[in-house]
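Have a look at data-v7.txt below; it lists compact mmCIF, C-alpha atoms.
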```txt
# COMPACT_ATOMS: atom_id res chain seq x y z
CA HIS A 20 33.27 3.31 -66.32
CA MET A 21 36.36 5.51 -66.03
CA LEU A 22 34.34 8.24 -64.33
CA MET A 23 32.95 5.71 -61.84
CA GLN A 24 36.47 4.52 -61.08
CA TYR A 25 37.53 8.07 -60.27
CA LYS A 26 34.46 8.46 -58.03
CA VAL A 27 35.29 5.26 -56.16
CA ILE A 28 38.92 6.32 -55.67
CA PHE A 29 37.84 9.73 -54.39
CA ALA A 30 35.23 8.23 -52.05
CA SER A 31 37.83 5.77 -50.71
CA ALA A 32 40.19 8.65 -49.96
CA VAL A 33 37.38 10.54 -48.21
CA GLU A 34 36.50 7.47 -46.12
CA VAL A 35 40.09 6.85 -45.05
CA THR A 36 40.49 10.52 -44.14
CA TYR A 37 37.23 10.41 -42.17
CA ALA A 38 38.36 7.33 -40.23
CA VAL A 39 41.78 8.78 -39.40
CA VAL A 40 40.46 12.19 -38.34
CA THR A 41 37.56 10.92 -36.23
CA ARG A 42 39.47 8.07 -34.57
CA THR A 43 42.74 9.84 -33.83
CA TRP A 44 42.81 13.64 -34.04
CA LEU A 45 39.31 14.34 -32.72
CA ARG A 46 39.74 11.89 -29.85
CA GLN A 47 42.79 13.82 -28.70
CA HIS A 48 40.72 16.97 -28.29
CA LEU A 49 37.19 15.87 -27.33
CA ASP A 50 35.35 13.12 -25.52
CA GLY A 51 31.85 12.01 -24.56
CA ALA A 52 28.88 13.74 -26.15
CA TYR A 53 31.05 16.54 -27.58
CA LEU A 54 33.18 14.00 -29.45
CA GLU A 55 30.08 12.21 -30.74
CA LEU A 56 28.56 15.47 -32.00
CA ALA A 57 31.82 16.48 -33.70
CA VAL A 58 32.14 13.05 -35.34
CA SER A 59 28.53 13.32 -36.49
CA ALA A 60 29.33 16.62 -38.21
CA PHE A 61 31.97 14.75 -40.22
CA ARG A 62 29.45 11.96 -40.85
CA VAL A 63 26.98 14.44 -42.32
CA ALA A 64 29.73 15.88 -44.53
CA THR A 65 30.57 12.44 -45.91
CA ILE A 66 26.87 11.72 -46.52
CA VAL A 67 26.70 14.84 -48.67
CA VAL A 68 29.83 13.80 -50.57
CA TYR A 69 28.74 10.20 -51.15
CA TRP A 70 25.23 11.16 -52.18
CA GLY A 71 26.62 13.72 -54.60
CA LEU A 72 28.93 11.12 -56.12
CA PHE A 73 26.63 8.11 -56.20
CA GLN A 74 22.99 9.23 -56.13
CA ASP A 75 22.42 8.00 -59.68
CA LEU A 76 23.92 4.62 -58.77
CA VAL A 77 21.77 4.33 -55.65
CA ARG A 78 18.63 5.29 -57.57
CA SER A 79 19.46 2.81 -60.34
CA ARG A 80 18.01 -0.07 -58.31
CA ALA A 81 14.25 -0.35 -58.72
CA LYS A 82 12.16 -0.50 -55.57
CA ALA A 83 10.16 -3.54 -54.46
CA SER A 84 8.70 -2.24 -51.21
CA ASN A 85 5.82 -4.73 -51.32
CA THR A 86 8.27 -7.46 -50.30
CA LEU A 87 8.90 -5.74 -46.95
CA ARG A 88 5.56 -6.79 -45.47
CA HIS A 89 6.24 -10.52 -45.58
CA PRO A 90 5.88 -12.22 -42.14
CA LEU A 91 9.28 -13.93 -42.35
CA LEU A 92 11.02 -10.59 -42.85
CA VAL A 93 8.96 -8.84 -40.17
CA VAL A 94 9.82 -11.53 -37.61
CA GLY A 95 13.47 -11.52 -38.69
CA ILE A 96 13.77 -7.76 -38.21
CA ALA A 97 11.89 -7.94 -34.91
CA THR A 98 14.29 -10.65 -33.70
CA ALA A 99 17.29 -8.49 -34.57
CA LEU A 100 15.83 -5.41 -32.89
CA ALA A 101 14.97 -7.44 -29.78
CA ILE A 102 18.66 -8.17 -29.17
CA PRO A 103 19.50 -4.75 -27.65
CA PHE A 104 16.50 -5.07 -25.33
CA LEU A 105 17.39 -8.55 -24.11
CA PHE A 106 21.13 -8.18 -23.60
CA ARG A 107 23.26 -5.70 -21.70
CA GLY A 108 23.64 -2.47 -23.61
CA TRP A 109 26.74 -0.46 -24.30
CA SER A 110 27.00 2.69 -22.18
CA PRO A 111 28.90 5.69 -23.59
CA GLY A 112 29.23 7.08 -20.05
CA GLY A 113 28.21 10.55 -18.98
CA GLY A 114 24.68 9.72 -17.91
CA LEU A 115 21.33 9.76 -19.66
CA GLY A 116 22.02 12.99 -21.56
CA THR A 117 25.07 11.52 -23.28
CA ALA A 118 23.19 8.30 -24.03
CA ILE A 119 20.40 10.29 -25.69
CA VAL A 120 22.97 12.13 -27.84
CA PHE A 121 24.42 8.80 -29.00
CA ALA A 122 20.94 7.42 -29.65
CA LEU A 123 19.99 10.41 -31.79
CA THR A 124 23.25 10.41 -33.74
CA SER A 125 22.58 6.76 -34.59
CA ILE A 126 20.25 8.15 -37.26
CA VAL A 127 23.24 9.74 -38.99
CA VAL A 128 25.36 6.63 -38.47
CA GLY A 129 22.72 4.39 -40.02
CA LEU A 130 22.19 6.61 -43.05
CA ARG A 131 25.89 7.16 -43.69
CA GLU A 132 26.96 3.54 -43.42
CA GLU A 133 24.00 2.19 -45.40
CA ILE A 134 24.59 4.62 -48.27
CA LEU A 135 28.22 3.61 -48.62
CA TYR A 136 28.52 0.03 -47.38
CA ARG A 137 25.20 -1.29 -48.63
CA CYS A 138 23.85 0.87 -51.45
CA VAL A 139 27.05 1.92 -53.18
CA LEU A 140 29.12 -1.23 -52.60
CA LEU A 141 26.34 -3.69 -53.44
CA ASN A 142 25.26 -1.79 -56.54
CA LEU A 143 28.86 -1.69 -57.76
CA LEU A 144 29.74 -5.26 -56.89
CA GLN A 145 26.61 -7.26 -57.70
CA PRO A 146 26.82 -6.93 -61.51
CA ARG A 147 30.45 -8.08 -61.35
CA ILE A 148 30.55 -10.85 -58.73
CA GLY A 149 26.91 -11.72 -58.13
CA VAL A 150 24.67 -11.51 -55.08
CA ILE A 151 26.61 -13.84 -52.78
CA GLY A 152 29.98 -12.43 -53.77
CA SER A 153 28.84 -8.84 -53.31
CA LEU A 154 27.30 -9.62 -49.91
CA LEU A 155 30.44 -11.34 -48.65
CA CYS A 156 32.81 -8.74 -50.06
CA SER A 157 30.84 -5.77 -48.72
CA THR A 158 30.59 -7.47 -45.32
CA VAL A 159 34.35 -7.99 -45.12
CA ILE A 160 34.92 -4.33 -46.05
CA PHE A 161 32.32 -3.25 -43.49
CA ILE A 162 34.06 -5.23 -40.74
CA VAL A 163 37.51 -3.87 -41.68
CA TYR A 164 36.11 -0.33 -41.67
CA HIS A 165 35.25 -0.71 -37.97
CA TYR A 166 38.82 -1.59 -37.00
CA GLY A 167 39.87 0.84 -34.30
CA ALA A 168 36.29 1.82 -33.55
CA GLN A 169 34.97 -1.48 -32.20
CA PRO A 170 36.54 -4.36 -30.23
CA PHE A 171 37.47 -7.13 -32.67
CA THR A 172 36.13 -9.98 -30.54
CA VAL A 173 34.46 -13.13 -31.84
CA LEU A 174 31.15 -11.87 -30.43
CA TRP A 175 31.38 -8.50 -32.16
CA ILE A 176 32.54 -9.95 -35.50
CA THR A 177 29.64 -12.42 -35.42
CA GLU A 178 27.22 -9.60 -34.70
CA CYS A 179 28.63 -7.34 -37.40
CA THR A 180 28.65 -10.15 -39.97
CA CYS A 181 25.06 -11.17 -39.28
CA MET A 182 23.76 -7.59 -39.36
CA SER A 183 25.70 -6.73 -42.53
CA LEU A 184 24.36 -9.78 -44.36
CA LEU A 185 20.83 -9.18 -43.04
CA LEU A 186 20.81 -5.54 -44.14
CA GLY A 187 22.44 -6.42 -47.45
CA LEU A 188 19.81 -9.04 -48.28
CA ILE A 189 17.01 -6.62 -47.42
CA TYR A 190 18.52 -3.86 -49.56
CA ILE A 191 19.21 -6.05 -52.58
CA ARG A 192 15.68 -7.43 -52.60
CA SER A 193 13.75 -4.27 -51.71
CA GLY A 194 16.00 -1.51 -53.06
CA SER A 195 15.02 0.60 -50.05
CA LEU A 196 17.79 2.71 -48.55
CA LEU A 197 15.43 4.18 -45.96
CA THR A 198 14.44 0.74 -44.68
CA VAL A 199 17.98 -0.51 -44.04
CA ALA A 200 19.08 2.87 -42.66
CA ALA A 201 16.14 2.85 -40.23
CA ILE A 202 16.86 -0.71 -39.05
CA HIS A 203 20.54 0.14 -38.58
CA ALA A 204 19.76 3.36 -36.69
CA LEU A 205 17.22 1.68 -34.41
CA TYR A 206 19.56 -1.20 -33.63
CA ASP A 207 22.42 1.12 -32.67
CA GLY A 208 20.19 3.61 -30.87
CA ILE A 209 18.47 1.01 -28.71
CA TRP A 210 21.83 -0.38 -27.53
CA VAL A 211 23.07 2.83 -25.93
CA LEU A 212 19.90 3.38 -23.88
CA GLY A 213 20.04 -0.04 -22.15
CA PRO A 214 20.12 -2.19 -20.20
CA TYR A 215 16.37 -2.69 -20.16
CA LEU A 216 16.24 -5.87 -18.06
CA SER A 217 17.32 -6.08 -14.43
CA THR A 218 19.09 -9.32 -15.36
CA PRO A 219 20.01 -9.24 -19.05
CA ILE A 220 20.54 -12.51 -20.92
CA PRO A 221 24.23 -13.58 -20.89
CA ASP A 222 26.11 -12.48 -24.02
CA ILE A 223 26.99 -16.07 -24.87
CA TRP A 224 23.43 -16.36 -26.25
CA ARG A 225 23.65 -13.30 -28.49
CA PRO A 226 24.93 -15.20 -31.55
CA VAL A 227 21.89 -17.48 -31.32
CA PHE A 228 19.55 -14.50 -31.72
CA GLN A 229 21.73 -12.90 -34.38
CA CYS A 230 21.93 -16.07 -36.46
CA SER A 231 18.20 -16.68 -35.98
CA ALA A 232 17.38 -13.20 -37.28
CA LEU A 233 19.66 -13.76 -40.28
CA ALA A 234 18.17 -17.21 -40.93
CA LEU A 235 14.66 -15.72 -41.02
CA VAL A 236 15.73 -13.06 -43.50
CA VAL A 237 17.47 -15.68 -45.65
CA ALA A 238 14.23 -17.73 -45.58
CA TRP A 239 12.31 -14.63 -46.67
CA TRP A 240 14.84 -14.07 -49.45
CA ARG A 241 14.65 -17.69 -50.59
CA PHE A 242 10.98 -18.51 -50.18
CA GLY A 243 8.98 -15.39 -49.44
CA ALA A 244 10.37 -12.52 -51.51
CA HIS A 245 9.67 -12.53 -55.23
CA ALA A 246 11.62 -9.74 -56.83
CA PRO A 247 10.53 -8.64 -60.31
CA ASN A 248 13.10 -8.38 -63.07
CA SER A 249 13.03 -4.62 -62.64
CA THR A 250 15.03 -4.96 -59.42
CA VAL A 251 18.10 -5.76 -61.48
CA ILE A 252 20.46 -2.82 -61.51
CA ARG A 253 19.91 -0.76 -64.61
CA GLY A 254 23.50 0.29 -65.11
CA THR A 255 26.45 1.89 -63.34
```
For this file, produce the structure as structure tokens.
Amino acid sequence: HMLMQYKVIFASAVEVTYAVVTRTWLRQHLDGAYLELAVSAFRVATIVVYWGLFQDLVRSRAKASNTLRHPLLVVGIATALAIPFLFRGWSPGGGLGTAIVFALTSIVVGLREEILYRCVLLNLLQPRIGVIGSLLCSTVIFIVYHYGAQPFTVLWITECTCMSLLLGLIYIRSGSLLTVAAIHALYDGIWVLGPYLSTPIPDIWRPVFQCSALALVVAWWRFGAHAPNSTVIRGT
């Protein structure tokens, strides 16, 4: 337990340093695709650090991949991934080339954030404060982490909360890092390549789709997913 505490403290220091460097110093020297590529180099470095520190913890959760084929979950994920297609996307500027760079680096973003904010946090917190407590706590931390990187509007906080809970539920039940990282990467990557419709749906309707996707995943969790006892974390 003492060793794990030291690992958590070190990882927290790395994450704060990453946030400060990528959101202040790098932005003073680079912009556009060059900034995104430089930030992604730091992302890869933190992935290596976090995996080195916590790979045993991440692997401690047994896999239940058979639960991922349930219709409720498939429709829930499809609803979430439809949102970037139906609403106006976020443009990084710089044309199609820059958008493609951001779309590709979404793979690194998804893997990095899911390792730390889903796998590590949920595996650490669930044995101590339960499923609901760990989901809520990790979601709050995930939202706070984005301060300075995203606009803290009601719309964005709703979106971030719904996606964090959705991904957290999927990870806790399935134990699949690759699944949640892929969903995260696709969701982010699709956004930057839009808009896809000549007249996108007004953003006021986005929370309806986000909450609907979350509701479907909650229904899957409650009624459709039957996790064996082996999905309980086997130690930290």
Compile the contact shell of Val159 of chain A as a list of chain:residue names: residues with an atom at most 9 Å away, counting all atoms listed in the file, same-chain residues fewer than 5 positions apart removed.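 Within the cut-off, the hits are A:Leu154, A:Tyr164, A:Thr180.
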Write a file of the just-selected residues containing C-alpha atoms, as an mmCIF file, in the coordinates of the input.
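Ended up saving to result-v1.cif:
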```cif
data_model
loop_
_atom_site.group_PDB
_atom_site.id
_atom_site.type_symbol
_atom_site.label_atom_id
_atom_site.label_comp_id
_atom_site.auth_asym_id
_atom_site.auth_seq_id
_atom_site.Cartn_x
_atom_site.Cartn_y
_atom_site.Cartn_z
ATOM 1 C CA LEU A 154 27.300 -9.620 -49.910
ATOM 2 C CA TYR A 164 36.110 -0.330 -41.670
ATOM 3 C CA THR A 180 28.650 -10.150 -39.970
#
```
By how many Å are atom CA of Leu87 of chain A and atom CA of Ile189 of chain A apart?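 Going from atom CA of Leu87 of chain A over to atom CA of Ile189 of chain A, I get 8.2 Å.
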Rounded to one decimal in Å, what is the spacing between atom CA of Ile126 of chain A and atom CA of Ile223 of chain A?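 Pair atom CA of Ile126 of chain A / atom CA of Ile223 of chain A returns 28.0 Å.
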Go through A:Ser157, A:Ser125, A:Ser31, A:Asn142 and flag the residue nearest Leu184 of chain A, using all atoms listed in the file for the distances.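 Closest to Leu184 of chain A, using all atoms listed in the file: A:Ser157.
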Shell around Leu135 of chain A at 12 Å using all atoms listed in the file, local window under 3 positions removed, as number ranges by chain: A: 27, 30-31, 33-34, 62, 65-74, 76-77, 128-132, 138-143, 157-158, 160-161, 164, 187, 196, 199-200
Give me a file of those residues, with C-alpha atoms, as a PDB file, keeping the file's coordinate frame.
```pdb
ATOM      1  CA  VAL A  27      35.290   5.260 -56.160  1.00  0.00           C
ATOM      2  CA  ALA A  30      35.230   8.230 -52.050  1.00  0.00           C
ATOM      3  CA  SER A  31      37.830   5.770 -50.710  1.00  0.00           C
ATOM      4  CA  VAL A  33      37.380  10.540 -48.210  1.00  0.00           C
ATOM      5  CA  GLU A  34      36.500   7.470 -46.120  1.00  0.00           C
ATOM      6  CA  ARG A  62      29.450  11.960 -40.850  1.00  0.00           C
ATOM      7  CA  THR A  65      30.570  12.440 -45.910  1.00  0.00           C
ATOM      8  CA  ILE A  66      26.870  11.720 -46.520  1.00  0.00           C
ATOM      9  CA  VAL A  67      26.700  14.840 -48.670  1.00  0.00           C
ATOM     10  CA  VAL A  68      29.830  13.800 -50.570  1.00  0.00           C
ATOM     11  CA  TYR A  69      28.740  10.200 -51.150  1.00  0.00           C
ATOM     12  CA  TRP A  70      25.230  11.160 -52.180  1.00  0.00           C
ATOM     13  CA  GLY A  71      26.620  13.720 -54.600  1.00  0.00           C
ATOM     14  CA  LEU A  72      28.930  11.120 -56.120  1.00  0.00           C
ATOM     15  CA  PHE A  73      26.630   8.110 -56.200  1.00  0.00           C
ATOM     16  CA  GLN A  74      22.990   9.230 -56.130  1.00  0.00           C
ATOM     17  CA  LEU A  76      23.920   4.620 -58.770  1.00  0.00           C
ATOM     18  CA  VAL A  77      21.770   4.330 -55.650  1.00  0.00           C
ATOM     19  CA  VAL A 128      25.360   6.630 -38.470  1.00  0.00           C
ATOM     20  CA  GLY A 129      22.720   4.390 -40.020  1.00  0.00           C
ATOM     21  CA  LEU A 130      22.190   6.610 -43.050  1.00  0.00           C
ATOM     22  CA  ARG A 131      25.890   7.160 -43.690  1.00  0.00           C
ATOM     23  CA  GLU A 132      26.960   3.540 -43.420  1.00  0.00           C
ATOM     24  CA  CYS A 138      23.850   0.870 -51.450  1.00  0.00           C
ATOM     25  CA  VAL A 139      27.050   1.920 -53.180  1.00  0.00           C
ATOM     26  CA  LEU A 140      29.120  -1.230 -52.600  1.00  0.00           C
ATOM     27  CA  LEU A 141      26.340  -3.690 -53.440  1.00  0.00           C
ATOM     28  CA  ASN A 142      25.260  -1.790 -56.540  1.00  0.00           C
ATOM     29  CA  LEU A 143      28.860  -1.690 -57.760  1.00  0.00           C
ATOM     30  CA  SER A 157      30.840  -5.770 -48.720  1.00  0.00           C
ATOM     31  CA  THR A 158      30.590  -7.470 -45.320  1.00  0.00           C
ATOM     32  CA  ILE A 160      34.920  -4.330 -46.050  1.00  0.00           C
ATOM     33  CA  PHE A 161      32.320  -3.250 -43.490  1.00  0.00           C
ATOM     34  CA  TYR A 164      36.110  -0.330 -41.670  1.00  0.00           C
ATOM     35  CA  GLY A 187      22.440  -6.420 -47.450  1.00  0.00           C
ATOM     36  CA  LEU A 196      17.790   2.710 -48.550  1.00  0.00           C
ATOM     37  CA  VAL A 199      17.980  -0.510 -44.040  1.00  0.00           C
ATOM     38  CA  ALA A 200      19.080   2.870 -42.660  1.00  0.00           C
TER      39      ALA A 200
END
```
Go through A:Asp222, A:Ala234, A:Ala118, A:Ile96 one by one, measure the shortest atom-to-atom distance of each to Ala201 of chain A using only C-alpha atoms, and give the residue with the smallest value. A:Ile96
How big is the axis-aligned box around all listed atoms of segment 49-66 of chain A once 6 Å goes on each side, and where's its centre, in Å to one decimal, as JSON?
```
{"center_x": 32.0, "center_y": 14.2, "center_z": -35.5, "size_x": 22.3, "size_y": 16.9, "size_z": 34.0}
```
Using all atoms listed in the file, which residue out of A:Leu105, A:Ile151, A:Ile119, A:Ile191 lies closest to Gly208 of chain A? A:Ile119
Within 9 Å of Thr41 of chain A, counting all atoms listed in the file, which residues qualify if same-chain residues fewer than 6 places away don't, as a list of chain:residue names?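 Those residues are A:Leu54, A:Ala57, A:Val58, A:Phe61.
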Would you mind listing what lies within 12 Å of Tyr166 of chain A as a count of residues only, with only C-alpha atoms counted and same-chain residues fewer than 6 positions away left out? 10
Pick out the residues sitting within 12 Å of Gly116 of chain A, and hand them over as a JSON list (two decimals) with C-alpha atoms, in the coordinates of the input; count only C-alpha atoms, and ignore anything fewer than 3 positions along from it in its own chain.
```
[["chain", "number", "residue", "atom", "x", "y", "z"],
["A", 51, "GLY", "CA", 31.85, 12.01, -24.56],
["A", 52, "ALA", "CA", 28.88, 13.74, -26.15],
["A", 53, "TYR", "CA", 31.05, 16.54, -27.58],
["A", 110, "SER", "CA", 27.00, 2.69, -22.18],
["A", 111, "PRO", "CA", 28.90, 5.69, -23.59],
["A", 112, "GLY", "CA", 29.23, 7.08, -20.05],
["A", 113, "GLY", "CA", 28.21, 10.55, -18.98],
["A", 119, "ILE", "CA", 20.40, 10.29, -25.69],
["A", 120, "VAL", "CA", 22.97, 12.13, -27.84],
["A", 121, "PHE", "CA", 24.42, 8.80, -29.00],
["A", 122, "ALA", "CA", 20.94, 7.42, -29.65],
["A", 123, "LEU", "CA", 19.99, 10.41, -31.79],
["A", 211, "VAL", "CA", 23.07, 2.83, -25.93],
["A", 212, "LEU", "CA", 19.90, 3.38, -23.88]]
```
Report, in Å with one decimal, the straight-line distance from atom CA of Phe228 of chain A to atom CA of Ala204 of chain A. 18.5 Å
